[in-house]
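What follows is a set of notes on a single structure, which appears directly below.
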Amino acid sequence: MARMRKATAIVVPLALSVAVVAFAGPAESKLPQQSPIDVTLESLRYDPHLPPLNVSYGHSDIELTYIRKDQDSPTGCTTRDHEETEEAEVEPGAGHVTLSGVRYDLVQFHFHTPSEHRFHGQSTPLEMHLVHRNAAQELLVIGIPLTVGPASTVDKVLADLAPECGANVHVGEIDLNTLLPHDRTTARYNGSLTTYPFSENVKWFLMREKTVTQATITRFQQLFTSGNARATQPLNGRTVTVGRPHI
Ligand SMILES: [Zn+2]
């Protein structure tokens, strides 16, 4: 996932922040529960007692904006940093999810190419991350692999890409529900931001794939010619749990 809307919302103990900077640099982290991961069959566990993820999405006006990471570079406007992305800003209150009685509001969703999460080593051309935040500033992200197929709402969102140095793109209103697959079974694990500062305690919920057209994939890939995905990180003993089918 990309940045958070407010830097103040990133809660990293000072000692850990220093460790990340000192030992890892901007692309790596020595923290143990990092994202993304390769979801292997060996890492999956079935748990019929997982609390359901209740999705309450409505309609939202969408503004597409380019997230910059290289403002200080004189060639930043033409250089694609691998942590940059196209991000769709959601109207406050337009969508939220509830997990175990805790509400997480949908803040924004953004895209990576290729997909950051892998499934048994396999990636997809794009991955969408829907970023939610609760009152305690904790994050819950829904990750959806995007594959080539019939047009979807994602094609509308990415019809005109926002330039790195220029005006945002006004997408218009969308039904946020149409971003999600019909089958809302999730595979969940505890991970992190996939961009600096790689803060942990992020609840990841991976859903089944949605489709977009090849034209949209190509448009995004032509903007991020070197990709904007982080490499998969070690599981370090973590499991990925799948609950009851939720259709
Ligand atoms: Zn992301």
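Chain labels run A, B, ... following the order of the structure tokens; each chain numbers its residues from 1, and ligands are numbered from 1 in the order shown.
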- Message: For Pro51 of chain A, find every residue with an atom within 9 Å (counting only C-alpha atoms), except residues of its own chain fewer than 3 positions away, and show them as a PyMOL selection string.
- Response: chain A and resi 48+99-100+243
- Task: Using only C-alpha atoms and all ligand atoms, find each residue with an atom at most 12 Å away from ligand 1 and format the answer as an NGL selection string.
- Result: :A and (1-4 or 35-36 or 67 or 82-88 or 108-117 or 126-132 or 139-145 or 191-196 or 198 or 202 or 204 or 228-230)
Take the selection from the previous step and output its residues with C-alpha atoms, as a short mmCIF file (atom, residue, chain, number, x, y, z; two decimals), in the first residue's frame.
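Written out: selection.cif:
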data_model
loop_
_atom_site.label_atom_id
_atom_site.label_comp_id
_atom_site.auth_asym_id
_atom_site.auth_seq_id
_atom_site.Cartn_x
_atom_site.Cartn_y
_atom_site.Cartn_z
CA MET A 1 0.00 0.00 0.00
CA ALA A 2 1.13 3.52 -0.45
CA ARG A 3 1.18 6.41 1.95
CA MET A 4 -1.23 7.35 4.66
CA SER A 35 3.99 -6.91 3.55
CA PRO A 36 3.44 -7.98 0.85
CA ILE A 67 1.21 10.35 -4.96
CA HIS A 82 8.67 2.83 -7.30
CA GLU A 83 6.76 3.94 -4.20
CA GLU A 84 4.61 6.38 -6.16
CA THR A 85 1.11 5.54 -7.32
CA GLU A 86 -2.26 6.72 -8.58
CA GLU A 87 -4.60 7.14 -5.62
CA ALA A 88 -8.37 7.55 -5.60
CA GLN A 108 -8.50 5.95 -0.32
CA PHE A 109 -7.64 3.18 -2.74
CA HIS A 110 -4.60 2.91 -5.01
CA PHE A 111 -2.84 0.58 -7.40
CA HIS A 112 0.38 -1.37 -7.89
CA THR A 113 1.90 -3.03 -10.94
CA PRO A 114 2.59 -5.89 -10.89
CA SER A 115 0.55 -7.12 -7.92
CA GLU A 116 2.39 -6.89 -4.60
CA HIS A 117 0.86 -10.04 -3.10
CA LEU A 126 -2.36 -5.01 -11.12
CA GLU A 127 -3.40 -5.00 -7.46
CA MET A 128 -5.80 -2.58 -5.78
CA HIS A 129 -5.44 -1.62 -2.10
CA LEU A 130 -8.46 -0.18 -0.29
CA VAL A 131 -7.12 1.57 2.81
CA HIS A 132 -9.34 1.88 5.89
CA LEU A 139 -5.16 0.43 9.40
CA LEU A 140 -7.10 -2.32 7.65
CA VAL A 141 -6.38 -2.86 3.97
CA ILE A 142 -8.38 -4.91 1.48
CA GLY A 143 -6.17 -6.18 -1.35
CA ILE A 144 -7.71 -7.25 -4.65
CA PRO A 145 -5.76 -8.82 -7.53
CA GLY A 191 1.43 -7.16 7.96
CA SER A 192 2.66 -3.67 7.25
CA LEU A 193 2.67 -0.71 4.92
CA THR A 194 4.46 -1.69 1.69
CA THR A 195 6.07 1.73 1.41
CA TYR A 196 8.28 3.65 3.80
CA PHE A 198 6.80 0.07 6.57
CA VAL A 202 -1.75 -3.42 9.47
CA TRP A 204 -4.59 -7.30 5.59
CA ASN A 228 5.56 0.27 -8.38
CA ALA A 229 5.40 -2.89 -6.28
CA ARG A 230 7.46 -3.97 -3.30
#
- Backbone-only DSSP, alpha helix (DSSP H) members of segment 129-174 of chain A, as a list of chain:residue names: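 Those residues are A:Thr153, A:Val154, A:Asp155, A:Lys156, A:Val157.
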- Point out the residue among A:Thr75, A:Thr147, A:Thr186, A:Asn54 with the least atom-to-atom distance to Ser123 of chain A, counting only C-alpha atoms.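 Closest candidate: A:Thr147.
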- Task: For atom CA of Asn168 of chain A and atom CA of Glu89 of chain A, quote the distance in Å rounded to one decimal.
- Result: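 Atom-to-atom, atom CA of Asn168 of chain A and atom CA of Glu89 of chain A are spaced 10.2 Å apart.
Taking only C-alpha atoms into account, Asp183 of chain A lies nearest to A:Pro245 out of the set A:Pro150, A:Pro245, A:Gly227, A:Gly237.
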- Query: Glu91 of chain A: which residues within 8 Å, counting only C-alpha atoms, same-chain residues fewer than 5 positions away excluded, as a ChimeraX atom specification?
  - Reply: /A:60-62,107
